[in-house]
Amino acid sequence: MSQPQPTSRQAFRRTDDHTPGTPKVKLVTEAIPPLSPSGVLIKVHAVSLNYRDANIANGGNPWPVVPHGIPCNDAAGEVVAVGERVKNLAIGDRAAPIVDTENITGREKTRSWLAADEDGVLADYIVFDEHKLCKLPTYLDWVQASLIPCAGVTAWAALKGMEIGQTVLIQGTGGVAMFALKLARAAGLKVIMTSSSDAKLQKMKEQFPSPPLLTVNYSKNPEWHEEVLKLTDGAGVDIVVEVGGSSTLVKSMKCTRRGGIVSQVGYLSKQDTSEFAELLSVLIDRRVILRGINAGSKQDQDDLCDALSATQIKFDDIIDSVYPFEKADEAIEYVWQGKQVGKLVLRL
Ligand SMILES: NC(=O)c1ccc[n+]([C@@H]2O[C@H](COP(=O)([O-])OP(=O)(O)OC[C@H]3O[C@@H](n4cnc5c(N)ncnc54)[C@H](OP(=O)(O)O)[C@@H]3O)[C@@H](O)[C@H]2O)c1
């Protein structure tokens with residue numbers, strides 16, 4: 001450890017006041033957690049927001065969270081100090097923690113999610129054990145690199161197994177969806193995107209002109225899965241990146257080809273079990289593989305970083321806006337209101 005280490009940090013912590021209109025996070029100055037022999041101190045340069053952050057801050061998360069925890073799980077930063085037993089990271093490396101810090105290989109029996117079971121990353125300094133950290137690609141700037149751990153790894157896991165020329169249905173124009181669109185395009189997949197907004201779909205078409213993006217407005221077309229079937233000559237898509245949850249899952253299965261995959265990523269719609277009346281018959285009839293996605297392992301994150309370094313995909317075109325760190329509360333509200341197309345990032 002060559003440089004004097006900072007001893008205190010600025011972090012946002014949740015207020016746990018879920019009343020609409022009240023601040024959801026509060027800036028605090030606190031001691032930086034001590035550095036263990038296998039610990040790594042990271043100076044955070046960017047944190048990107050996910051729907052989950054706004055949902056937890058507003059009390060909507062279905063799983064327990066630590067009181068007044070630090071929100072967010074998507075960060076990119078620079079290693080500024082390492083414990084004496086750290087082997088794989090050095091000062092100056094670019095690094096990010098994985099979002100479920102106990103999911104190293106995918107075979108672990110326990111879980112610990114950042115910003116829920118433990119503190120997240122919305123702070124200027126964070127400390128993690130080296131085995132919970134991945135090296136980030138060097139070709140991306142901090143803002144773009146911050147999309148990788150949650151939105152990126154989730155999109156990567158949701159698209160696993162796809163082959164060039166296959167068709168993917170991507171729901172919505174949120175962060176995971178836009179990352180999935182970028183990966184799908186790089187992988188040579190045909191993309192059908194849905195949105196509740198014609199304006200957002202038009203923006204997408206202009207942004208991704210070639211090959212032409214196929215689109216469906218799910219709000220105007222309650223039977224949107226029929227439109228998706230039409231776009232695939234009645235056969236259905238090979239894979240769905242499913243974010244709607246109970247109101248969309250069965251329809252997604254109905255427009256998936258026989259033997260195709262539905263990657264269940266999100267649960268944005270109102271939870272209503274009556275929507276599942278046809279679940280089993282459709283699942284069996286269409287022989288759909290229903291695959292739960294819960295971000296991914298450290299291995300997945302390392303694989304994604306390798307794929308990005310190999311393809312050099314840029315993500316500047318899916319950044320909705322960049323806010324200063326100090327405006328975290330405003331940024332969380334923006335995501336809560338669903339105003340973004342793509343990602344909202346806080347820069348430090
Ligand atoms: N399982 C995991 O590991 C994992 C990881 C990350 C996120 N997630 C989940 O994935 C979902 C999306 O996350 P995100 O961060 O990408 O959210 P986001 O950036 O807030 O985007 C949400 C977008 O989804 C679309 N949407 C909303 N309701 C919908 C519905 N009923 N049917 C279809 N599309 C709908 C909307 O797009 P339009 O405005 O264009 O209609 C909305 O803008 C959330 O439920 C989140 O909790 C899960």
# chains A, B, ... in the order shown; residues from 1 in each chain; ligands from 1

call {"tool": "residues_near_ligand", "arguments": {"ligand": "ligand 1", "cutoff": "7 Å", "atoms": "only C-alpha atoms and all ligand atoms", "output": "PyMOL selection string"}}
result
chain A and resi 50-52+150-151+154+171-177+194-197+200+243-244+247-248+265-269+293-295+335+338-343

call {"tool": "residues_around", "arguments": {"residues": "A:Glu118", "least_positions_apart": "2", "cutoff": "8 Å", "atoms": "only C-alpha atoms", "output": "list in words"}}
result
Val65, Val66, Gly69, Ser112, Trp113, Leu114, Ala115, Ala116 and Gly120 of chain A

call {"tool": "write_last_selection", "arguments": {"atoms": "N, CA and C atoms", "output": "PDB file, in the first residue's frame"}}
result
ATOM      1  N   VAL A  65     -34.477  -6.170   3.383  1.00  0.00           N
ATOM      2  CA  VAL A  65     -33.256  -5.384   3.152  1.00  0.00           C
ATOM      3  C   VAL A  65     -32.744  -4.861   4.493  1.00  0.00           C
ATOM      4  N   VAL A  66     -31.424  -4.622   4.590  1.00  0.00           N
ATOM      5  CA  VAL A  66     -30.882  -4.097   5.849  1.00  0.00           C
ATOM      6  C   VAL A  66     -31.386  -2.663   6.049  1.00  0.00           C
ATOM      7  N   GLY A  69     -29.660   0.889   4.623  1.00  0.00           N
ATOM      8  CA  GLY A  69     -28.497   0.405   3.868  1.00  0.00           C
ATOM      9  C   GLY A  69     -28.098   1.366   2.760  1.00  0.00           C
ATOM     10  N   SER A 112     -26.101 -13.180  -1.062  1.00  0.00           N
ATOM     11  CA  SER A 112     -26.006 -11.909  -0.349  1.00  0.00           C
ATOM     12  C   SER A 112     -25.978 -10.800  -1.399  1.00  0.00           C
ATOM     13  N   TRP A 113     -27.126 -10.167  -1.598  1.00  0.00           N
ATOM     14  CA  TRP A 113     -27.237  -9.134  -2.642  1.00  0.00           C
ATOM     15  C   TRP A 113     -26.798  -7.789  -2.106  1.00  0.00           C
ATOM     16  N   LEU A 114     -25.979  -7.124  -2.909  1.00  0.00           N
ATOM     17  CA  LEU A 114     -25.637  -5.739  -2.606  1.00  0.00           C
ATOM     18  C   LEU A 114     -26.921  -4.918  -2.530  1.00  0.00           C
ATOM     19  N   ALA A 115     -26.914  -3.942  -1.654  1.00  0.00           N
ATOM     20  CA  ALA A 115     -28.035  -2.998  -1.515  1.00  0.00           C
ATOM     21  C   ALA A 115     -29.296  -3.647  -0.962  1.00  0.00           C
ATOM     22  N   ALA A 116     -29.184  -4.883  -0.483  1.00  0.00           N
ATOM     23  CA  ALA A 116     -30.346  -5.535   0.138  1.00  0.00           C
ATOM     24  C   ALA A 116     -29.855  -6.285   1.381  1.00  0.00           C
ATOM     25  N   GLY A 120     -24.777  -1.491  -0.394  1.00  0.00           N
ATOM     26  CA  GLY A 120     -24.477  -1.403  -1.815  1.00  0.00           C
ATOM     27  C   GLY A 120     -23.283  -0.497  -2.088  1.00  0.00           C
TER      28      GLY A 120
END

call {"tool": "closest_atom_pairs", "arguments": {"of": "stretch 41-149 of chain A", "to": "stretch 299-315 of chain A", "cutoff": "10 Å", "atoms": "only C-alpha atoms", "output": "JSON lines"}}
result
{"residue": "A:Ala96", "atom": "CA", "partner": "A:Gln301", "partner_atom": "CA", "distance": 9.6}
{"residue": "A:Pro97", "atom": "CA", "partner": "A:Gln301", "partner_atom": "CA", "distance": 9.5}
{"residue": "A:Ile98", "atom": "CA", "partner": "A:Gln301", "partner_atom": "CA", "distance": 7.3}
{"residue": "A:Val99", "atom": "CA", "partner": "A:Gln301", "partner_atom": "CA", "distance": 9.6}
{"residue": "A:Asn103", "atom": "CA", "partner": "A:Gln299", "partner_atom": "CA", "distance": 8.8}
{"residue": "A:Ile104", "atom": "CA", "partner": "A:Gln299", "partner_atom": "CA", "distance": 6.4}
{"residue": "A:Thr105", "atom": "CA", "partner": "A:Gln299", "partner_atom": "CA", "distance": 5.8}
{"residue": "A:Gly106", "atom": "CA", "partner": "A:Gln299", "partner_atom": "CA", "distance": 7.8}
{"residue": "A:Leu133", "atom": "CA", "partner": "A:Gln301", "partner_atom": "CA", "distance": 9.4}
{"residue": "A:Cys134", "atom": "CA", "partner": "A:Asp302", "partner_atom": "CA", "distance": 6.3}
{"residue": "A:Lys135", "atom": "CA", "partner": "A:Asp302", "partner_atom": "CA", "distance": 7.5}
{"residue": "A:Leu136", "atom": "CA", "partner": "A:Cys305", "partner_atom": "CA", "distance": 6.3}
{"residue": "A:Pro137", "atom": "CA", "partner": "A:Ser309", "partner_atom": "CA", "distance": 5.7}
{"residue": "A:Thr138", "atom": "CA", "partner": "A:Ser309", "partner_atom": "CA", "distance": 7.8}
{"residue": "A:Tyr139", "atom": "CA", "partner": "A:Gln312", "partner_atom": "CA", "distance": 7.0}
{"residue": "A:Leu140", "atom": "CA", "partner": "A:Lys314", "partner_atom": "CA", "distance": 7.0}
{"residue": "A:Asp141", "atom": "CA", "partner": "A:Lys314", "partner_atom": "CA", "distance": 9.3}
{"residue": "A:Val143", "atom": "CA", "partner": "A:Phe315", "partner_atom": "CA", "distance": 9.0}
{"residue": "A:Gln144", "atom": "CA", "partner": "A:Phe315", "partner_atom": "CA", "distance": 5.7}
{"residue": "A:Ala145", "atom": "CA", "partner": "A:Phe315", "partner_atom": "CA", "distance": 8.5}
{"residue": "A:Leu147", "atom": "CA", "partner": "A:Phe315", "partner_atom": "CA", "distance": 8.5}
{"residue": "A:Ile148", "atom": "CA", "partner": "A:Gln301", "partner_atom": "CA", "distance": 7.7}
{"residue": "A:Pro149", "atom": "CA", "partner": "A:Gln301", "partner_atom": "CA", "distance": 6.6}

call {"tool": "closest_residue", "arguments": {"among": "A:Glu108, A:Asp100, A:Asp119, A:Asp238", "to": "A:Leu159", "atoms": "only C-alpha atoms"}}
result
A:Asp238

call {"tool": "select_by_dssp", "arguments": {"residues": "stretch 67-284 of chain A", "states": "strand (DSSP E or B)", "output": "PDB file with N, CA and C atoms, in the first residue's frame"}}
result
ATOM      1  N   ASP A  74     -24.580  -1.395  -9.102  1.00  0.00           N
ATOM      2  CA  ASP A  74     -23.843  -1.281 -10.370  1.00  0.00           C
ATOM      3  C   ASP A  74     -22.818  -0.164 -10.230  1.00  0.00           C
ATOM      4  N   ALA A  75     -21.535  -0.525 -10.092  1.00  0.00           N
ATOM      5  CA  ALA A  75     -20.527   0.528  -9.930  1.00  0.00           C
ATOM      6  C   ALA A  75     -19.299   0.219 -10.757  1.00  0.00           C
ATOM      7  N   ALA A  76     -18.535   1.264 -11.044  1.00  0.00           N
ATOM      8  CA  ALA A  76     -17.220   1.067 -11.673  1.00  0.00           C
ATOM      9  C   ALA A  76     -16.235   1.963 -10.936  1.00  0.00           C
ATOM     10  N   GLY A  77     -15.084   1.419 -10.609  1.00  0.00           N
ATOM     11  CA  GLY A  77     -14.119   2.211  -9.861  1.00  0.00           C
ATOM     12  C   GLY A  77     -12.702   1.725 -10.064  1.00  0.00           C
ATOM     13  N   GLU A  78     -11.825   2.416  -9.332  1.00  0.00           N
ATOM     14  CA  GLU A  78     -10.395   2.203  -9.520  1.00  0.00           C
ATOM     15  C   GLU A  78      -9.815   1.703  -8.198  1.00  0.00           C
ATOM     16  N   VAL A  79      -8.976   0.705  -8.265  1.00  0.00           N
ATOM     17  CA  VAL A  79      -8.358   0.157  -7.055  1.00  0.00           C
ATOM     18  C   VAL A  79      -7.337   1.169  -6.529  1.00  0.00           C
ATOM     19  N   VAL A  80      -7.501   1.570  -5.251  1.00  0.00           N
ATOM     20  CA  VAL A  80      -6.549   2.541  -4.691  1.00  0.00           C
ATOM     21  C   VAL A  80      -5.727   1.956  -3.545  1.00  0.00           C
ATOM     22  N   ALA A  81      -6.138   0.794  -3.017  1.00  0.00           N
ATOM     23  CA  ALA A  81      -5.324   0.134  -1.989  1.00  0.00           C
ATOM     24  C   ALA A  81      -5.707  -1.336  -1.953  1.00  0.00           C
ATOM     25  N   VAL A  82      -4.740  -2.186  -1.628  1.00  0.00           N
ATOM     26  CA  VAL A  82      -5.026  -3.625  -1.544  1.00  0.00           C
ATOM     27  C   VAL A  82      -4.403  -4.186  -0.269  1.00  0.00           C
ATOM     28  N   ARG A  94      -9.085  -1.337 -12.873  1.00  0.00           N
ATOM     29  CA  ARG A  94     -10.504  -0.948 -12.888  1.00  0.00           C
ATOM     30  C   ARG A  94     -11.302  -2.160 -12.432  1.00  0.00           C
ATOM     31  N   ALA A  95     -12.200  -1.957 -11.477  1.00  0.00           N
ATOM     32  CA  ALA A  95     -12.875  -3.121 -10.899  1.00  0.00           C
ATOM     33  C   ALA A  95     -14.295  -2.790 -10.480  1.00  0.00           C
ATOM     34  N   ALA A  96     -15.106  -3.859 -10.351  1.00  0.00           N
ATOM     35  CA  ALA A  96     -16.489  -3.718  -9.867  1.00  0.00           C
ATOM     36  C   ALA A  96     -16.852  -4.961  -9.078  1.00  0.00           C
ATOM     37  N   PRO A  97     -17.605  -4.784  -7.980  1.00  0.00           N
ATOM     38  CA  PRO A  97     -18.085  -5.979  -7.269  1.00  0.00           C
ATOM     39  C   PRO A  97     -19.206  -6.667  -8.040  1.00  0.00           C
ATOM     40  N   ASP A 100     -24.481 -10.306  -6.431  1.00  0.00           N
ATOM     41  CA  ASP A 100     -24.719 -11.271  -5.357  1.00  0.00           C
ATOM     42  C   ASP A 100     -23.335 -11.750  -4.949  1.00  0.00           C
ATOM     43  N   TRP A 113     -27.126 -10.167  -1.598  1.00  0.00           N
ATOM     44  CA  TRP A 113     -27.237  -9.134  -2.642  1.00  0.00           C
ATOM     45  C   TRP A 113     -26.798  -7.789  -2.106  1.00  0.00           C
ATOM     46  N   LEU A 114     -25.979  -7.124  -2.909  1.00  0.00           N
ATOM     47  CA  LEU A 114     -25.637  -5.739  -2.606  1.00  0.00           C
ATOM     48  C   LEU A 114     -26.921  -4.918  -2.530  1.00  0.00           C
ATOM     49  N   GLU A 118     -26.785  -6.689   2.162  1.00  0.00           N
ATOM     50  CA  GLU A 118     -25.609  -5.957   2.659  1.00  0.00           C
ATOM     51  C   GLU A 118     -25.585  -4.586   1.980  1.00  0.00           C
ATOM     52  N   ALA A 123     -21.381   5.193  -2.885  1.00  0.00           N
ATOM     53  CA  ALA A 123     -20.443   5.851  -1.974  1.00  0.00           C
ATOM     54  C   ALA A 123     -19.189   6.186  -2.771  1.00  0.00           C
ATOM     55  N   TYR A 125     -16.092   5.698  -1.742  1.00  0.00           N
ATOM     56  CA  TYR A 125     -15.132   4.588  -1.557  1.00  0.00           C
ATOM     57  C   TYR A 125     -15.895   3.358  -1.097  1.00  0.00           C
ATOM     58  N   ILE A 126     -15.506   2.199  -1.631  1.00  0.00           N
ATOM     59  CA  ILE A 126     -16.109   0.937  -1.195  1.00  0.00           C
ATOM     60  C   ILE A 126     -14.990  -0.077  -0.973  1.00  0.00           C
ATOM     61  N   VAL A 127     -15.258  -1.026  -0.076  1.00  0.00           N
ATOM     62  CA  VAL A 127     -14.248  -2.058   0.232  1.00  0.00           C
ATOM     63  C   VAL A 127     -14.877  -3.424   0.023  1.00  0.00           C
ATOM     64  N   PHE A 128     -14.210  -4.272  -0.754  1.00  0.00           N
ATOM     65  CA  PHE A 128     -14.681  -5.646  -0.963  1.00  0.00           C
ATOM     66  C   PHE A 128     -13.507  -6.603  -0.955  1.00  0.00           C
ATOM     67  N   ASP A 129     -13.823  -7.849  -0.607  1.00  0.00           N
ATOM     68  CA  ASP A 129     -12.838  -8.899  -0.705  1.00  0.00           C
ATOM     69  C   ASP A 129     -12.525  -9.132  -2.180  1.00  0.00           C
ATOM     70  N   LEU A 133     -14.760  -9.363  -6.635  1.00  0.00           N
ATOM     71  CA  LEU A 133     -14.523  -8.281  -7.605  1.00  0.00           C
ATOM     72  C   LEU A 133     -14.099  -8.826  -8.960  1.00  0.00           C
ATOM     73  N   CYS A 134     -14.547  -8.139 -10.012  1.00  0.00           N
ATOM     74  CA  CYS A 134     -14.110  -8.479 -11.378  1.00  0.00           C
ATOM     75  C   CYS A 134     -13.338  -7.293 -11.940  1.00  0.00           C
ATOM     76  N   LYS A 135     -12.369  -7.618 -12.787  1.00  0.00           N
ATOM     77  CA  LYS A 135     -11.690  -6.545 -13.530  1.00  0.00           C
ATOM     78  C   LYS A 135     -12.608  -6.097 -14.649  1.00  0.00           C
ATOM     79  N   THR A 167     -34.085 -15.208 -33.178  1.00  0.00           N
ATOM     80  CA  THR A 167     -34.898 -14.012 -32.895  1.00  0.00           C
ATOM     81  C   THR A 167     -35.150 -13.882 -31.401  1.00  0.00           C
ATOM     82  N   VAL A 168     -34.949 -12.667 -30.902  1.00  0.00           N
ATOM     83  CA  VAL A 168     -35.185 -12.409 -29.477  1.00  0.00           C
ATOM     84  C   VAL A 168     -36.250 -11.324 -29.327  1.00  0.00           C
ATOM     85  N   LEU A 169     -37.161 -11.562 -28.383  1.00  0.00           N
ATOM     86  CA  LEU A 169     -38.139 -10.545 -27.999  1.00  0.00           C
ATOM     87  C   LEU A 169     -37.639  -9.881 -26.724  1.00  0.00           C
ATOM     88  N   ILE A 170     -37.452  -8.566 -26.779  1.00  0.00           N
ATOM     89  CA  ILE A 170     -36.960  -7.816 -25.621  1.00  0.00           C
ATOM     90  C   ILE A 170     -38.068  -6.882 -25.169  1.00  0.00           C
ATOM     91  N   GLN A 171     -38.471  -6.988 -23.913  1.00  0.00           N
ATOM     92  CA  GLN A 171     -39.613  -6.189 -23.429  1.00  0.00           C
ATOM     93  C   GLN A 171     -39.156  -4.874 -22.803  1.00  0.00           C
ATOM     94  N   LYS A 190     -31.873 -11.385 -34.464  1.00  0.00           N
ATOM     95  CA  LYS A 190     -32.947 -10.494 -34.921  1.00  0.00           C
ATOM     96  C   LYS A 190     -33.706 -10.047 -33.671  1.00  0.00           C
ATOM     97  N   VAL A 191     -34.011  -8.744 -33.584  1.00  0.00           N
ATOM     98  CA  VAL A 191     -34.597  -8.210 -32.347  1.00  0.00           C
ATOM     99  C   VAL A 191     -36.004  -7.669 -32.574  1.00  0.00           C
ATOM    100  N   ILE A 192     -36.924  -8.090 -31.712  1.00  0.00           N
ATOM    101  CA  ILE A 192     -38.250  -7.460 -31.641  1.00  0.00           C
ATOM    102  C   ILE A 192     -38.325  -6.783 -30.279  1.00  0.00           C
ATOM    103  N   MET A 193     -38.606  -5.475 -30.291  1.00  0.00           N
ATOM    104  CA  MET A 193     -38.692  -4.745 -29.010  1.00  0.00           C
ATOM    105  C   MET A 193     -40.127  -4.325 -28.757  1.00  0.00           C
ATOM    106  N   THR A 194     -40.532  -4.335 -27.489  1.00  0.00           N
ATOM    107  CA  THR A 194     -41.842  -3.807 -27.139  1.00  0.00           C
ATOM    108  C   THR A 194     -41.677  -2.577 -26.247  1.00  0.00           C
ATOM    109  N   SER A 195     -42.684  -1.730 -26.263  1.00  0.00           N
ATOM    110  CA  SER A 195     -42.697  -0.576 -25.368  1.00  0.00           C
ATOM    111  C   SER A 195     -44.143  -0.131 -25.204  1.00  0.00           C
ATOM    112  N   LEU A 214     -37.636  -4.413 -35.263  1.00  0.00           N
ATOM    113  CA  LEU A 214     -39.073  -4.723 -35.281  1.00  0.00           C
ATOM    114  C   LEU A 214     -39.638  -4.309 -33.928  1.00  0.00           C
ATOM    115  N   THR A 215     -40.810  -3.675 -33.940  1.00  0.00           N
ATOM    116  CA  THR A 215     -41.334  -3.144 -32.678  1.00  0.00           C
ATOM    117  C   THR A 215     -42.824  -3.421 -32.526  1.00  0.00           C
ATOM    118  N   VAL A 216     -43.252  -3.483 -31.254  1.00  0.00           N
ATOM    119  CA  VAL A 216     -44.678  -3.647 -30.936  1.00  0.00           C
ATOM    120  C   VAL A 216     -44.982  -2.774 -29.718  1.00  0.00           C
ATOM    121  N   ASN A 217     -46.091  -2.023 -29.794  1.00  0.00           N
ATOM    122  CA  ASN A 217     -46.524  -1.237 -28.639  1.00  0.00           C
ATOM    123  C   ASN A 217     -47.463  -2.117 -27.792  1.00  0.00           C
ATOM    124  N   VAL A 237     -40.773 -16.411 -31.284  1.00  0.00           N
ATOM    125  CA  VAL A 237     -39.355 -16.039 -31.139  1.00  0.00           C
ATOM    126  C   VAL A 237     -38.579 -17.184 -30.492  1.00  0.00           C
ATOM    127  N   ASP A 238     -37.261 -17.143 -30.624  1.00  0.00           N
ATOM    128  CA  ASP A 238     -36.436 -18.191 -30.008  1.00  0.00           C
ATOM    129  C   ASP A 238     -36.250 -17.941 -28.514  1.00  0.00           C
ATOM    130  N   ILE A 239     -36.291 -16.671 -28.132  1.00  0.00           N
ATOM    131  CA  ILE A 239     -36.046 -16.348 -26.715  1.00  0.00           C
ATOM    132  C   ILE A 239     -36.729 -15.034 -26.360  1.00  0.00           C
ATOM    133  N   VAL A 240     -37.176 -14.952 -25.114  1.00  0.00           N
ATOM    134  CA  VAL A 240     -37.778 -13.711 -24.617  1.00  0.00           C
ATOM    135  C   VAL A 240     -36.972 -13.219 -23.412  1.00  0.00           C
ATOM    136  N   VAL A 241     -36.660 -11.929 -23.411  1.00  0.00           N
ATOM    137  CA  VAL A 241     -36.132 -11.296 -22.201  1.00  0.00           C
ATOM    138  C   VAL A 241     -37.345 -10.685 -21.522  1.00  0.00           C
ATOM    139  N   GLU A 242     -37.886 -11.402 -20.524  1.00  0.00           N
ATOM    140  CA  GLU A 242     -39.203 -11.151 -19.915  1.00  0.00           C
ATOM    141  C   GLU A 242     -39.033 -10.244 -18.701  1.00  0.00           C
ATOM    142  N   THR A 256     -43.511 -17.622 -28.063  1.00  0.00           N
ATOM    143  CA  THR A 256     -42.180 -18.254 -28.133  1.00  0.00           C
ATOM    144  C   THR A 256     -42.315 -19.517 -28.971  1.00  0.00           C
ATOM    145  N   ARG A 257     -41.345 -19.781 -29.810  1.00  0.00           N
ATOM    146  CA  ARG A 257     -41.447 -20.976 -30.660  1.00  0.00           C
ATOM    147  C   ARG A 257     -41.425 -22.227 -29.787  1.00  0.00           C
ATOM    148  N   ARG A 258     -41.945 -23.309 -30.304  1.00  0.00           N
ATOM    149  CA  ARG A 258     -41.929 -24.556 -29.543  1.00  0.00           C
ATOM    150  C   ARG A 258     -40.474 -24.902 -29.206  1.00  0.00           C
ATOM    151  N   GLY A 259     -40.214 -25.135 -27.908  1.00  0.00           N
ATOM    152  CA  GLY A 259     -38.852 -25.468 -27.473  1.00  0.00           C
ATOM    153  C   GLY A 259     -37.980 -24.254 -27.222  1.00  0.00           C
ATOM    154  N   GLY A 260     -38.556 -23.046 -27.374  1.00  0.00           N
ATOM    155  CA  GLY A 260     -37.770 -21.830 -27.130  1.00  0.00           C
ATOM    156  C   GLY A 260     -37.632 -21.529 -25.633  1.00  0.00           C
ATOM    157  N   ILE A 261     -36.944 -20.421 -25.350  1.00  0.00           N
ATOM    158  CA  ILE A 261     -36.621 -20.078 -23.949  1.00  0.00           C
ATOM    159  C   ILE A 261     -37.293 -18.762 -23.557  1.00  0.00           C
ATOM    160  N   VAL A 262     -37.890 -18.755 -22.369  1.00  0.00           N
ATOM    161  CA  VAL A 262     -38.314 -17.488 -21.772  1.00  0.00           C
ATOM    162  C   VAL A 262     -37.415 -17.235 -20.564  1.00  0.00           C
ATOM    163  N   SER A 263     -36.613 -16.179 -20.646  1.00  0.00           N
ATOM    164  CA  SER A 263     -35.746 -15.815 -19.519  1.00  0.00           C
ATOM    165  C   SER A 263     -36.513 -14.833 -18.636  1.00  0.00           C
ATOM    166  N   GLN A 264     -36.957 -15.295 -17.479  1.00  0.00           N
ATOM    167  CA  GLN A 264     -37.748 -14.441 -16.586  1.00  0.00           C
ATOM    168  C   GLN A 264     -36.819 -13.572 -15.755  1.00  0.00           C
TER     169      GLN A 264
END

call {"tool": "residues_around", "arguments": {"residues": "A:Lys327", "least_positions_apart": "5", "cutoff": "12 Å", "atoms": "only C-alpha atoms", "output": "JSON list (two decimals) with N, CA and C atoms, in the first residue's frame"}}
result
[["chain", "number", "residue", "atom", "x", "y", "z"],
["A", 12, "PHE", "N", -24.43, 7.51, 0.35],
["A", 12, "PHE", "CA", -25.88, 7.71, 0.50],
["A", 12, "PHE", "C", -26.45, 6.50, 1.21],
["A", 23, "PRO", "N", -37.52, 12.57, 0.83],
["A", 23, "PRO", "CA", -36.24, 12.06, 0.33],
["A", 23, "PRO", "C", -36.09, 10.56, 0.63],
["A", 24, "LYS", "N", -35.56, 9.85, -0.34],
["A", 24, "LYS", "CA", -35.41, 8.39, -0.19],
["A", 24, "LYS", "C", -34.00, 8.00, 0.24],
["A", 25, "VAL", "N", -33.04, 8.94, 0.02],
["A", 25, "VAL", "CA", -31.66, 8.69, 0.47],
["A", 25, "VAL", "C", -31.09, 9.94, 1.13],
["A", 26, "LYS", "N", -30.09, 9.71, 2.01],
["A", 26, "LYS", "CA", -29.48, 10.83, 2.74],
["A", 26, "LYS", "C", -27.96, 10.68, 2.66],
["A", 27, "LEU", "N", -27.26, 11.78, 2.39],
["A", 27, "LEU", "CA", -25.79, 11.73, 2.30],
["A", 27, "LEU", "C", -25.19, 11.74, 3.69],
["A", 122, "LEU", "N", -23.33, 2.96, -3.47],
["A", 122, "LEU", "CA", -23.52, 4.40, -3.71],
["A", 122, "LEU", "C", -22.71, 5.22, -2.69],
["A", 322, "VAL", "N", -26.84, 11.42, -17.31],
["A", 322, "VAL", "CA", -25.81, 11.30, -16.27],
["A", 322, "VAL", "C", -26.04, 12.40, -15.25],
["A", 332, "ILE", "N", -33.00, 8.79, -8.37],
["A", 332, "ILE", "CA", -33.81, 7.63, -7.97],
["A", 332, "ILE", "C", -35.28, 7.89, -8.29],
["A", 333, "GLU", "N", -35.74, 9.11, -8.06],
["A", 333, "GLU", "CA", -37.14, 9.45, -8.37],
["A", 333, "GLU", "C", -37.41, 9.37, -9.87],
["A", 334, "TYR", "N", -36.43, 9.80, -10.67],
["A", 334, "TYR", "CA", -36.57, 9.76, -12.14],
["A", 334, "TYR", "C", -36.78, 8.31, -12.60],
["A", 344, "LEU", "N", -29.63, 5.41, -16.42],
["A", 344, "LEU", "CA", -29.32, 6.65, -15.73],
["A", 344, "LEU", "C", -28.12, 6.38, -14.83],
["A", 345, "VAL", "N", -27.10, 7.23, -14.95],
["A", 345, "VAL", "CA", -25.84, 6.97, -14.23],
["A", 345, "VAL", "C", -25.46, 8.18, -13.38],
["A", 346, "LEU", "N", -24.94, 7.90, -12.18],
["A", 346, "LEU", "CA", -24.42, 8.95, -11.32],
["A", 346, "LEU", "C", -22.90, 8.97, -11.47],
["A", 347, "ARG", "N", -22.36, 10.17, -11.73],
["A", 347, "ARG", "CA", -20.91, 10.26, -11.90],
["A", 347, "ARG", "C", -20.29, 10.89, -10.65],
["A", 348, "LEU", "N", -19.18, 10.36, -10.18],
["A", 348, "LEU", "CA", -18.51, 10.89, -8.98],
["A", 348, "LEU", "C", -17.24, 11.61, -9.38]]
